[in-house]
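> The structure that follows is given in the form of structure tokens.
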Amino acid sequence: MPEHSLKTWRPGLARDAWPAELAASLDPALESFVDSANRPGTDFPIQNLPFGVGRFGEGESRILIAIGDEVLDLRACVELSLLEALPGPIRCALCADALNDLLRLGRPAWLAVRSAASRLLSKDEPRLRDHPERTRMLRSRGDACLGVPARVGDYTDFYASIHHATNVGSMFRPDNPLMPNWKHLPVGYHGRASSLLASGTAIRRPFGQTMPAHATTPQWGPSKLLDYELEIGFLVGPGNDLGSRIPIGDAIDHLFGVLIVNDWSARDVQGWEYQPLGPFNAKNFATSMSPWVVTFEALAPFLAPGPPREAGAPQLLEYLVRPEDFLPDLELSVAIVPESMRGSDTAESQVSLGRYREMYWTPSQMIAHHTSTGCNLAPGDLIASGTVSGPEESSRGCLLERTWRGRDPITLADGSTRTFLADGDEVVMRGWCERDGFRRIGLGECRGTVLPAE
């Protein structure tokens with residue numbers, strides 16, 4: 001199996017600098033015999049090939065790759081001897097019920113699987129296309145019950161957008177929006193892995209202790225200020241041993257790929273509890289994850305330079321400096337579907353449209369800082385970016401910012417207004433990459449509906 005690393009990658013890297021297998025799989029002229037994968041605008045052309053986990057009926061969960069409107073069942077491909085060229089440990093990992101075993105094997109293994117799947121699904125390759133048991137290996141995506149793609153042992157949420165941090169800080173500390181440490185290190189907190197949810201799972205409005213404006217004693221009851229947070233998540237690959245560190249130059253090789261995260265937040269609970277130790281019950285009740293993990297290999301054409309340090313910014317410590325650092329240039333949107341509009345052709349109201357390239361801290365910096373103390377990351381751990389917000393009002397990635405703490409309500413398609421989420425609202429998040437000369441690829445959707453408190 002050839003070596004493969006992202007250590008030397010940078011924005012604008014020439015195609016001939018990519019591994020040959022990767023360049024072949026990203027060829028914009030490449031087509032699949034799966035017709036829906038060749039349709040303009042699809043999230044899942046053959047150039048994407050994201051990984052997920054799902055089951056069919058009452059069957060066991062299995063690792064899948066999305067291709068157009070269908071999914072490739074990798075376990076079935078192994079059982080029917082279509083992946084015999086892959087080494088035994090990789091084939092064993094593909095027969096598991098979650099991505100963890102594959103994540104542990106590292107980037108050369110990930111590229112090998114991607115390359116094998118690309119060849120199997122290509123238009124002129126007959127082994128799968130003409131196989132008598134093709135329908136056992138290639139099935140409708142709509143028939144799959146998709147879940148969380150990995151067994152997540154730990155979940156860390158960062159606060160990596162300077163626009164989000166400045167907006168939120170200015171609401172509560174107008175004279176000092178950013179805390180003194182914010183530009184020196186990627187701020188984060190440890191989330192709750194037990195309440196990570198698959199896209200499509202409804203969430204229950206949480207109860208909590210709050211201190212309403214002008215109240216003199218705390219109150220207990222359902223959260224009145226329920227919010228979403230648009231984030232990007234990264235699944236950790238091999239990780240590191242306890243007591244070791246991941247140098248920033250190696251950090252990206254410990255990240256398998258990206259997905260969409262909705263970090264649901266009870267803002268009234270948060271406002272009362274967060275001092276002095278930060279988020280707790282305001283965020284531990286639910287975090288939704290999209291089902292498809294888009295690999296960094298698929299994102300190779302869509303890398304943007306790491307954000308420039310503005311004039312007057314403090315000099316970073318050496319462990320956070322990576323020459324020609326990068327992040328994926330993702331476009332991201334949020335829509336709200338009110339219960340009254342469910343099923344309507346005009347149900348969705350887009351409330352945010354932003355770009356991940358406007359974040360202040362990169363994935364490499366987050367990993368380097370996370371492990372700088374010797375903290376061990378494990379295969380399947382989830383690292384989230386924090387709310388993705390941009391400089392424009394329309395690019396703010398949560399309702400706290402979008403309505404400026406409820407001061408500026410937004411109007412939805414049914415004429416109703418929102419400052420925060422109402423019961424019955426469905427939140428739909430999407431992400432995609434586009435660039436001239438390459439096929440558009442998408443992250444799919446992250447959906448969740450708010451149920452009343454009980």
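Each chain of the structure tokens is named A, B, ... in the order shown, its residues numbered from 1; ligands are numbered from 1 in display order.
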Got a sec: who's within 12 Å of Leu230 in chain A, counting only C-alpha atoms, leaving out chain neighbours fewer than 3 positions off, as an NGL selection string?
:A and (157 or 159 or 161 or 164 or 227 or 233 or 259-265 or 287-290 or 331-335 or 351-356 or 384-390 or 395-402 or 427-431 or 445-447)
> Write to file, as a PDB file, in the first residue's frame, the residues of the selection just made, with C-alpha atoms.

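The resulting file, out28.pdb, is reproduced below:
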```pdb
ATOM      1  CA  ASP A 157     -16.308  21.705  20.730  1.00  0.00           C
ATOM      2  CA  TYR A 159     -15.005  28.407  19.454  1.00  0.00           C
ATOM      3  CA  SER A 161     -14.936  31.877  14.530  1.00  0.00           C
ATOM      4  CA  HIS A 164     -19.129  34.535  16.268  1.00  0.00           C
ATOM      5  CA  ASP A 227     -31.142  27.803  19.434  1.00  0.00           C
ATOM      6  CA  GLY A 233     -17.237  18.407  12.678  1.00  0.00           C
ATOM      7  CA  LEU A 259     -19.463  16.437   8.473  1.00  0.00           C
ATOM      8  CA  ILE A 260     -22.127  18.905   9.622  1.00  0.00           C
ATOM      9  CA  VAL A 261     -22.831  19.386  13.322  1.00  0.00           C
ATOM     10  CA  ASN A 262     -25.797  21.158  14.932  1.00  0.00           C
ATOM     11  CA  ASP A 263     -24.884  21.942  18.528  1.00  0.00           C
ATOM     12  CA  TRP A 264     -28.347  22.692  19.944  1.00  0.00           C
ATOM     13  CA  SER A 265     -28.141  25.331  22.692  1.00  0.00           C
ATOM     14  CA  THR A 287     -25.933  17.521  19.317  1.00  0.00           C
ATOM     15  CA  SER A 288     -26.944  16.367  15.825  1.00  0.00           C
ATOM     16  CA  MET A 289     -24.513  14.968  13.230  1.00  0.00           C
ATOM     17  CA  SER A 290     -25.003  14.564   9.494  1.00  0.00           C
ATOM     18  CA  GLU A 331     -20.364  26.845   1.776  1.00  0.00           C
ATOM     19  CA  LEU A 332     -22.934  26.263   4.492  1.00  0.00           C
ATOM     20  CA  SER A 333     -26.618  27.057   4.850  1.00  0.00           C
ATOM     21  CA  VAL A 334     -29.311  26.845   7.514  1.00  0.00           C
ATOM     22  CA  ALA A 335     -33.053  26.732   6.863  1.00  0.00           C
ATOM     23  CA  VAL A 351     -31.827  32.001   7.555  1.00  0.00           C
ATOM     24  CA  SER A 352     -28.051  31.722   7.126  1.00  0.00           C
ATOM     25  CA  LEU A 353     -25.530  31.319   4.307  1.00  0.00           C
ATOM     26  CA  GLY A 354     -21.855  31.360   5.216  1.00  0.00           C
ATOM     27  CA  ARG A 355     -18.390  29.996   4.401  1.00  0.00           C
ATOM     28  CA  TYR A 356     -16.088  27.939   6.560  1.00  0.00           C
ATOM     29  CA  ALA A 384     -16.348  20.447  16.262  1.00  0.00           C
ATOM     30  CA  SER A 385     -15.477  23.926  15.044  1.00  0.00           C
ATOM     31  CA  GLY A 386     -17.901  26.015  17.031  1.00  0.00           C
ATOM     32  CA  THR A 387     -20.480  28.200  15.321  1.00  0.00           C
ATOM     33  CA  VAL A 388     -19.548  29.118  11.739  1.00  0.00           C
ATOM     34  CA  SER A 389     -20.295  32.815  11.283  1.00  0.00           C
ATOM     35  CA  GLY A 390     -19.121  35.401   8.794  1.00  0.00           C
ATOM     36  CA  SER A 395     -23.828  34.630   7.442  1.00  0.00           C
ATOM     37  CA  ARG A 396     -24.365  34.434  11.190  1.00  0.00           C
ATOM     38  CA  GLY A 397     -24.622  30.778  12.183  1.00  0.00           C
ATOM     39  CA  CYS A 398     -27.088  30.826  15.109  1.00  0.00           C
ATOM     40  CA  LEU A 399     -30.258  32.672  16.062  1.00  0.00           C
ATOM     41  CA  LEU A 400     -28.568  34.368  19.009  1.00  0.00           C
ATOM     42  CA  GLU A 401     -26.497  36.294  16.454  1.00  0.00           C
ATOM     43  CA  ARG A 402     -28.989  36.279  13.586  1.00  0.00           C
ATOM     44  CA  VAL A 427     -33.748  22.934  11.298  1.00  0.00           C
ATOM     45  CA  VAL A 428     -32.030  21.869   8.054  1.00  0.00           C
ATOM     46  CA  MET A 429     -28.291  22.399   7.575  1.00  0.00           C
ATOM     47  CA  ARG A 430     -26.404  21.771   4.324  1.00  0.00           C
ATOM     48  CA  GLY A 431     -22.844  22.087   3.085  1.00  0.00           C
ATOM     49  CA  GLU A 445     -28.002  17.352   5.239  1.00  0.00           C
ATOM     50  CA  CYS A 446     -28.234  17.549   9.017  1.00  0.00           C
ATOM     51  CA  ARG A 447     -31.871  17.686  10.139  1.00  0.00           C
TER      52      ARG A 447
END
```
> Using only C-alpha atoms, which residues sit within 8 Å of range 59-62 of chain A once same-chain residues fewer than 4 positions away are excluded, as a count of residues only?
10
> Might you pull out every residue within 10 Å of range 236-240 of chain A, with only C-alpha atoms counted and same-chain residues fewer than 6 positions away left off, and present them as a PyMOL selection string?
chain A and resi 99-107+110+150+152+246+251-258+367+371+374-383
> Kindly export the residues of the current selection with C-alpha atoms, as a compact mmCIF listing (two decimals), in the first residue's frame.

```
# COMPACT_ATOMS: atom_id res chain seq x y z
CA LEU A 99 -15.93 3.45 11.08
CA ASN A 100 -13.61 3.19 14.09
CA ASP A 101 -11.49 0.26 12.87
CA LEU A 102 -10.96 1.95 9.52
CA LEU A 103 -10.14 5.28 11.19
CA ARG A 104 -7.43 3.56 13.22
CA LEU A 105 -5.62 2.40 10.07
CA GLY A 106 -4.73 5.90 8.86
CA ARG A 107 -4.60 7.87 5.64
CA TRP A 110 -8.40 5.50 3.58
CA ALA A 150 -18.58 6.18 14.39
CA VAL A 152 -17.65 8.57 19.48
CA ILE A 246 0.56 15.74 17.73
CA ALA A 251 -2.19 17.15 12.67
CA ILE A 252 -4.18 16.94 9.44
CA ASP A 253 -3.21 13.28 8.99
CA HIS A 254 -5.16 12.53 12.17
CA LEU A 255 -8.42 13.85 10.67
CA PHE A 256 -10.44 11.49 8.45
CA GLY A 257 -12.98 13.93 7.11
CA VAL A 258 -15.74 16.45 7.78
CA ILE A 367 -5.60 19.35 16.95
CA THR A 371 -2.98 17.46 22.30
CA GLY A 374 -0.47 15.19 26.19
CA CYS A 375 -4.23 14.65 25.91
CA ASN A 376 -4.87 11.50 23.89
CA LEU A 377 -7.27 11.55 20.95
CA ALA A 378 -8.79 8.23 19.87
CA PRO A 379 -10.22 6.91 16.58
CA GLY A 380 -13.77 8.16 16.21
CA ASP A 381 -13.47 11.18 18.51
CA LEU A 382 -15.43 14.18 17.26
CA ILE A 383 -13.88 17.64 17.03
```
> Among range 234-295 of chain A, which residues does DSSP mark as strand (DSSP E or B) when it is run on the backbone? Keep the chain and numbering as in the structure and answer as an NGL selection string.
:A and (234-236 or 255-262 or 265-266 or 287-289 or 293-295)
> How would you write, as a ChimeraX atom specification, the set of residues in range 141-189 of chain A that DSSP gives as alpha helix (DSSP H)?
/A:162-172
> What is the CA of Glu393 in chain A to CA of Val187 in chain A distance in Å?
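Taking CA of Glu393 in chain A and CA of Val187 in chain A, their separation equals 23.4 Å.
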> List the neighbours of Ala23 in chain A out to 12 Å using only C-alpha atoms; skip same-chain residues closer than 3 positions along the sequence, and give me the result as a ChimeraX atom specification.
/A:13-20,26-30,47,111,114-115,118,297-301,438
> Check the smallest atom-to-atom distance from each of A:Leu330, A:Asp425, A:Glu392, A:Val337 to Val294 in chain A using only C-alpha atoms, then report the winner.
A:Leu330
> Write out as a list in words each polymer residue whose atoms come within 9 Å of Gly68 in chain A, counting only C-alpha atoms; drop sequence neighbours fewer than 5 positions from it.
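The neighbour list is Val34, Asp35, Ser36, Ala37, Asn38, Arg39, Thr42, Asp43, Phe44, Pro45, Ile46 and Arg141 of chain A.
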> For Leu197 in chain A, which of A:Phe158, A:Phe285, A:Trp182, A:Phe280 is the closest residue, counting only C-alpha atoms?
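Smallest separation from Leu197 in chain A among the options: A:Phe285.
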